[in-house]
Structure formats: C-alpha cells, structure tokens
Amino acid sequence: MHPARSFHETDIATLVARARAYSFALVCATQGGRVMAAHAPVLIDHEDGKVALRFHLSANNAVTAALQSGSRALIVFTGPDAYISPDWYGMDDQVPTWNYLSVEAEGPVTLMDDAGATQVLDDLSHLHETPLAPKPEWTRHKMTPGRFEAMLRGIRAFTLAPERFEGTTKLGQNKSAEPRAGVIAGLSTHQGGIAIAEEMRKHTS
C-alpha cells in the first residue's frame, strides 16, 4: 500500500469492481521465513456487504504448501499504471513518479473440498467463456468421463474472507487542477498512458 492517505482506497464497491476487472492476481504466502508468490485467476464474491475471494493453484505449487501449512495469504490485483514525466506538470522542481490502481486482500484461507473446487472451476470457465460468444461455451461436460475428476486431484482450491481489503488510487490527487490537466494531456499522447489518463478524468469529475 502507498503510505500517503490521500491515495488510500477503501470504498468496497470500487475495490470489488477493480479486482474483478483485473482478476488475474498475485497470491503471496510465507513459509519458513521465505516469501512466495503465484499468479492465479481469482473470483470475487460480494454479497450482503461481505467479500470473499476464491482461487485455485497447482497442488505442487510452493504457495499451495504454505497455505495448507497455515500461512495467511496476500492477494494483489494490479490495475492500469503509467509513468508520469515531471515535464507534464508545467511546474519547477518536480520529479518523475508513477500513477496506478491496485487492490490488496489479506487474511487466512480455507481449503475447499472437491465440490467447492469444482464450483470454482465451473464459475471461472463460465465467467471467461461468456465474452467469447458466439463461440459455444466450453464446460467440463465436454471432457471424457472421468478425466475431469482425475485432473481435479492436481489442484487445490481456497477461499479467503479478507480481514484487510483496501487499495491504492494514485492519480495525482496531491496536485492542483492545472498540473493534473497537464499530466492527462501528456498521458493521452501515448497508448500506454490512455487508461490512466481516463481514470484521472473520472476521478476529477
């Protein structure tokens, strides 16, 4: 988390929407003084004001072993980001920085049973197959009988009910309107900056 409170994001709806938009996340755990990380697609459930995160990893992943040994998990969702040139501010004595959006979820995890793991895989495939229409949706029922159940033994699925769920919205809020407008104009001139420029516009309006 960025230490500046002005960049601290705590609005649950914003965090959920952002995590869902950038749901291929970094899952971190510790074991024996070693910090480990693995990338995984994460499902974000939000109901009655409560947030739960579901994900799966290879059974042979070191992060899996750490989580099964009792490690807490830190899941990091990284949104758009962009380098900010000091020239864009139109002010003297500025330095380069980086604007970005992120979400962090931290807490203990619970190992799911086979039924829960199957539901995670079904929900993930449905979520990511739907936008591929008009292609017929892939489901596990297209697999040879017994093959899915055999492959299921190769993963472990977890759920995390975050004790900490917060993010960083670093969009130059510490600058006045004129230098922010200069940054937006500068970002808009190259493809890598367009997403952050749009976020800055929304945050200003």
# chains A, B, ... in the order shown; residues from 1 in each chain; ligands from 1
$ select_by_dssp --residues "segment 28-173 of chain A" --states "alpha helix (DSSP H)" --output "number ranges by chain"
A: 62-68, 114-129, 147-152
$ write_last_selection --atoms "N, CA, C and O atoms" --output "CSV table (one decimal), in the first residue's frame"
chain,number,residue,atom,x,y,z
A,62,ALA,N,4.6,-24.3,-4.4
A,62,ALA,CA,5.1,-24.0,-3.1
A,62,ALA,C,4.1,-23.1,-2.3
A,62,ALA,O,4.0,-23.2,-1.1
A,63,VAL,N,3.4,-22.2,-3.0
A,63,VAL,CA,2.4,-21.4,-2.3
A,63,VAL,C,1.3,-22.2,-1.7
A,63,VAL,O,0.8,-22.0,-0.6
A,64,THR,N,0.9,-23.2,-2.5
A,64,THR,CA,-0.1,-24.2,-2.0
A,64,THR,C,0.3,-24.8,-0.7
A,64,THR,O,-0.5,-24.9,0.3
A,65,ALA,N,1.5,-25.3,-0.7
A,65,ALA,CA,2.0,-26.0,0.5
A,65,ALA,C,2.0,-25.0,1.7
A,65,ALA,O,1.7,-25.4,2.8
A,66,ALA,N,2.4,-23.7,1.4
A,66,ALA,CA,2.5,-22.7,2.5
A,66,ALA,C,1.1,-22.5,3.1
A,66,ALA,O,0.8,-22.4,4.3
A,67,LEU,N,0.1,-22.3,2.2
A,67,LEU,CA,-1.3,-22.1,2.6
A,67,LEU,C,-1.8,-23.3,3.4
A,67,LEU,O,-2.5,-23.1,4.4
A,68,GLN,N,-1.5,-24.5,2.9
A,68,GLN,CA,-2.0,-25.6,3.6
A,68,GLN,C,-1.4,-25.8,5.0
A,68,GLN,O,-1.9,-26.5,5.9
A,114,ASP,N,-13.7,-31.1,-2.8
A,114,ASP,CA,-13.7,-31.3,-4.2
A,114,ASP,C,-14.9,-30.6,-4.8
A,114,ASP,O,-14.9,-30.1,-5.9
A,115,ALA,N,-16.0,-30.6,-4.1
A,115,ALA,CA,-17.2,-29.9,-4.6
A,115,ALA,C,-17.0,-28.4,-4.7
A,115,ALA,O,-17.4,-27.8,-5.7
A,116,GLY,N,-16.3,-27.8,-3.7
A,116,GLY,CA,-16.0,-26.4,-3.8
A,116,GLY,C,-15.0,-26.1,-4.9
A,116,GLY,O,-15.2,-25.1,-5.6
A,117,ALA,N,-14.0,-27.0,-5.1
A,117,ALA,CA,-13.0,-26.8,-6.2
A,117,ALA,C,-13.7,-26.8,-7.5
A,117,ALA,O,-13.4,-26.1,-8.4
A,118,THR,N,-14.6,-27.8,-7.7
A,118,THR,CA,-15.3,-28.0,-8.9
A,118,THR,C,-16.1,-26.7,-9.2
A,118,THR,O,-16.2,-26.2,-10.4
A,119,GLN,N,-16.8,-26.2,-8.2
A,119,GLN,CA,-17.6,-25.0,-8.4
A,119,GLN,C,-16.7,-23.8,-8.8
A,119,GLN,O,-17.1,-23.0,-9.7
A,120,VAL,N,-15.5,-23.7,-8.2
A,120,VAL,CA,-14.5,-22.6,-8.6
A,120,VAL,C,-14.2,-22.7,-10.1
A,120,VAL,O,-14.2,-21.7,-10.9
A,121,LEU,N,-13.9,-23.9,-10.6
A,121,LEU,CA,-13.5,-24.1,-12.0
A,121,LEU,C,-14.7,-23.9,-12.9
A,121,LEU,O,-14.6,-23.3,-14.0
A,122,ASP,N,-15.9,-24.3,-12.5
A,122,ASP,CA,-17.1,-24.1,-13.3
A,122,ASP,C,-17.4,-22.6,-13.4
A,122,ASP,O,-17.7,-22.0,-14.5
A,123,ASP,N,-17.3,-21.9,-12.3
A,123,ASP,CA,-17.5,-20.4,-12.3
A,123,ASP,C,-16.5,-19.7,-13.1
A,123,ASP,O,-16.8,-18.7,-13.8
A,124,LEU,N,-15.2,-20.1,-13.0
A,124,LEU,CA,-14.2,-19.4,-13.8
A,124,LEU,C,-14.4,-19.6,-15.3
A,124,LEU,O,-14.3,-18.6,-16.0
A,125,SER,N,-14.6,-20.8,-15.7
A,125,SER,CA,-14.8,-21.1,-17.1
A,125,SER,C,-16.0,-20.3,-17.6
A,125,SER,O,-16.0,-19.7,-18.7
A,126,HIS,N,-17.1,-20.3,-16.9
A,126,HIS,CA,-18.3,-19.6,-17.3
A,126,HIS,C,-18.0,-18.1,-17.4
A,126,HIS,O,-18.4,-17.5,-18.4
A,127,LEU,N,-17.3,-17.5,-16.5
A,127,LEU,CA,-17.0,-16.1,-16.5
A,127,LEU,C,-16.2,-15.7,-17.7
A,127,LEU,O,-16.5,-14.7,-18.3
A,128,HIS,N,-15.2,-16.5,-18.0
A,128,HIS,CA,-14.3,-16.2,-19.1
A,128,HIS,C,-14.7,-16.7,-20.5
A,128,HIS,O,-14.3,-16.2,-21.5
A,129,GLU,N,-15.6,-17.7,-20.5
A,129,GLU,CA,-16.2,-18.2,-21.8
A,129,GLU,C,-17.3,-17.3,-22.3
A,129,GLU,O,-17.4,-17.1,-23.5
A,147,ARG,N,-12.2,-37.9,-16.8
A,147,ARG,CA,-10.9,-37.2,-17.0
A,147,ARG,C,-10.9,-36.0,-16.1
A,147,ARG,O,-9.9,-35.6,-15.5
A,148,PHE,N,-12.0,-35.2,-16.0
A,148,PHE,CA,-12.0,-34.0,-15.2
A,148,PHE,C,-11.7,-34.4,-13.7
A,148,PHE,O,-10.9,-33.8,-13.0
A,149,GLU,N,-12.4,-35.5,-13.2
A,149,GLU,CA,-12.2,-35.9,-11.8
A,149,GLU,C,-10.7,-36.2,-11.6
A,149,GLU,O,-10.2,-36.0,-10.5
A,150,ALA,N,-10.1,-36.9,-12.6
A,150,ALA,CA,-8.6,-37.2,-12.4
A,150,ALA,C,-7.8,-36.0,-12.4
A,150,ALA,O,-6.8,-35.9,-11.5
A,151,MET,N,-8.1,-35.0,-13.2
A,151,MET,CA,-7.3,-33.7,-13.2
A,151,MET,C,-7.5,-32.9,-12.0
A,151,MET,O,-6.7,-32.1,-11.6
A,152,LEU,N,-8.7,-33.0,-11.4
A,152,LEU,CA,-9.1,-32.2,-10.2
A,152,LEU,C,-8.1,-32.5,-9.1
A,152,LEU,O,-7.9,-31.7,-8.2
$ closest_atom_pairs --of "segment 120-188 of chain A" --to "segment 76-100 of chain A" --cutoff "8 Å" --atoms "only C-alpha atoms" --output "tab-separated table"
residue	atom	partner	partner_atom	distance
A:Thr168	CA	A:Tyr100	CA	7.4
A:Thr169	CA	A:Tyr100	CA	6.4
A:Lys170	CA	A:Asn99	CA	5.1
A:Leu171	CA	A:Asn99	CA	5.3
A:Gly172	CA	A:Asn99	CA	7.1
A:Glu178	CA	A:Tyr89	CA	7.7
A:Pro179	CA	A:Tyr89	CA	4.3
A:Arg180	CA	A:Tyr89	CA	6.8
A:Gly182	CA	A:Trp88	CA	5.1
A:Val183	CA	A:Trp88	CA	5.0
A:Ala185	CA	A:Trp88	CA	7.8
A:Gly186	CA	A:Trp88	CA	5.9
A:Leu187	CA	A:Ile84	CA	7.7
$ write_last_selection --atoms "C-alpha atoms" --output "mmCIF file, in the first residue's frame"
data_model
loop_
_atom_site.group_PDB
_atom_site.id
_atom_site.type_symbol
_atom_site.label_atom_id
_atom_site.label_comp_id
_atom_site.auth_asym_id
_atom_site.auth_seq_id
_atom_site.Cartn_x
_atom_site.Cartn_y
_atom_site.Cartn_z
ATOM 1 C CA THR A 168 -4.280 2.419 -3.876
ATOM 2 C CA THR A 169 -5.781 5.029 -6.175
ATOM 3 C CA LYS A 170 -2.751 7.121 -7.090
ATOM 4 C CA LEU A 171 -3.908 9.594 -9.703
ATOM 5 C CA GLY A 172 -2.160 12.818 -8.743
ATOM 6 C CA GLU A 178 -3.694 22.729 -13.732
ATOM 7 C CA PRO A 179 -0.767 20.309 -13.322
ATOM 8 C CA ARG A 180 -3.203 17.384 -13.307
ATOM 9 C CA GLY A 182 -1.057 18.721 -17.977
ATOM 10 C CA VAL A 183 -0.462 15.141 -16.904
ATOM 11 C CA ALA A 185 -2.725 15.700 -21.755
ATOM 12 C CA GLY A 186 0.729 14.131 -21.657
ATOM 13 C CA LEU A 187 -0.583 10.647 -20.894
#
$ atom_distance --atom1 "atom CA of Asp45 of chain A" --atom2 "atom CA of Pro108 of chain A"
16.3 Å
$ select_by_dssp --residues "segment 30-106 of chain A" --states "strand (DSSP E)" --output "PyMOL selection string"
chain A and resi 30-31+34-47+50-58+73-84+97-106
$ closest_atom_pairs --of "segment 43-126 of chain A" --to "segment 5-16 of chain A" --cutoff "8 Å" --atoms "only C-alpha atoms" --output "JSON lines"
{"residue": "A:Ile44", "atom": "CA", "partner": "A:Val16", "partner_atom": "CA", "distance": 7.0}
{"residue": "A:His46", "atom": "CA", "partner": "A:Val16", "partner_atom": "CA", "distance": 7.4}
{"residue": "A:Val103", "atom": "CA", "partner": "A:Leu15", "partner_atom": "CA", "distance": 6.4}
$ residues_around --residues "Ala59 of chain A" --least-positions-apart "6" --cutoff "10 Å" --atoms "only C-alpha atoms" --output "VMD selection string"
chain A and resid 65 152 to 157
$ closest_residue --among "A:Ser176, A:Asn61, A:Thr110, A:Ser23" --to "Pro162 of chain A" --atoms "only C-alpha atoms"
A:Thr110
$ residues_around --residues "Met200 of chain A" --least-positions-apart "3" --cutoff "8 Å" --atoms "only C-alpha atoms" --output "CSV table (one decimal) with C-alpha atoms, in the first residue's frame"
chain,number,residue,atom,x,y,z
A,171,LEU,CA,-3.9,9.6,-9.7
A,172,GLY,CA,-2.2,12.8,-8.7
A,184,ILE,CA,-3.7,14.0,-18.5
A,196,ILE,CA,-4.6,6.2,-16.5
A,197,ALA,CA,-5.5,9.4,-18.3
A,203,HIS,CA,-11.5,11.0,-10.6
A,204,THR,CA,-11.6,14.7,-11.3
$ atom_distance --atom1 "atom CA of Cys28 of chain A" --atom2 "atom CA of Arg72 of chain A"
8.4 Å
$ closest_residue --among "A:Leu132, A:Leu43, A:Leu57, A:Leu160" --to "Ala73 of chain A" --atoms "only C-alpha atoms"
A:Leu160
$ closest_residue --among "A:Ala40, A:Val51, A:Leu101, A:Val35" --to "Arg18 of chain A" --atoms "only C-alpha atoms"
A:Leu101
$ residues_around --residues "Leu26 of chain A" --least-positions-apart "5" --cutoff "6 Å" --atoms "only C-alpha atoms" --output "ChimeraX atom specification"
/A:38-39,75-76
$ write_last_selection --atoms "all heavy atoms" --output "short mmCIF file (atom, residue, chain, number, x, y, z; two decimals), in the first residue's frame"
data_model
loop_
_atom_site.label_atom_id
_atom_site.label_comp_id
_atom_site.auth_asym_id
_atom_site.auth_seq_id
_atom_site.Cartn_x
_atom_site.Cartn_y
_atom_site.Cartn_z
N ALA A 38 2.46 -16.68 -6.44
CA ALA A 38 1.98 -17.39 -7.62
C ALA A 38 0.86 -16.58 -8.26
O ALA A 38 0.08 -15.92 -7.55
CB ALA A 38 1.47 -18.78 -7.25
N HIS A 39 0.79 -16.60 -9.56
CA HIS A 39 -0.31 -15.93 -10.26
C HIS A 39 -1.51 -16.87 -10.37
O HIS A 39 -1.34 -18.08 -10.58
CB HIS A 39 0.13 -15.50 -11.66
CG HIS A 39 1.05 -14.33 -11.66
ND1 HIS A 39 2.41 -14.46 -11.58
CD2 HIS A 39 0.80 -13.00 -11.71
CE1 HIS A 39 2.97 -13.27 -11.60
NE2 HIS A 39 2.02 -12.36 -11.67
N ILE A 75 -3.36 -11.26 -1.48
CA ILE A 75 -3.68 -11.29 -2.91
C ILE A 75 -3.63 -9.86 -3.43
O ILE A 75 -4.29 -8.97 -2.88
CB ILE A 75 -5.06 -11.92 -3.16
CG1 ILE A 75 -5.08 -13.35 -2.61
CG2 ILE A 75 -5.37 -11.92 -4.65
CD1 ILE A 75 -6.40 -14.08 -2.83
N VAL A 76 -2.85 -9.64 -4.47
CA VAL A 76 -2.65 -8.31 -5.02
C VAL A 76 -3.19 -8.25 -6.44
O VAL A 76 -2.77 -9.04 -7.31
CB VAL A 76 -1.15 -7.93 -5.02
CG1 VAL A 76 -0.96 -6.51 -5.57
CG2 VAL A 76 -0.57 -8.03 -3.62
#
$ closest_residue --among "A:Glu163, A:Asp48, A:Glu199, A:Glu137" --to "Val109 of chain A" --atoms "only C-alpha atoms"
A:Glu163
$ closest_residue --among "A:Ala25, A:Ala4, A:Leu53, A:Ala19" --to "Ala37 of chain A" --atoms "only C-alpha atoms"
A:Ala25
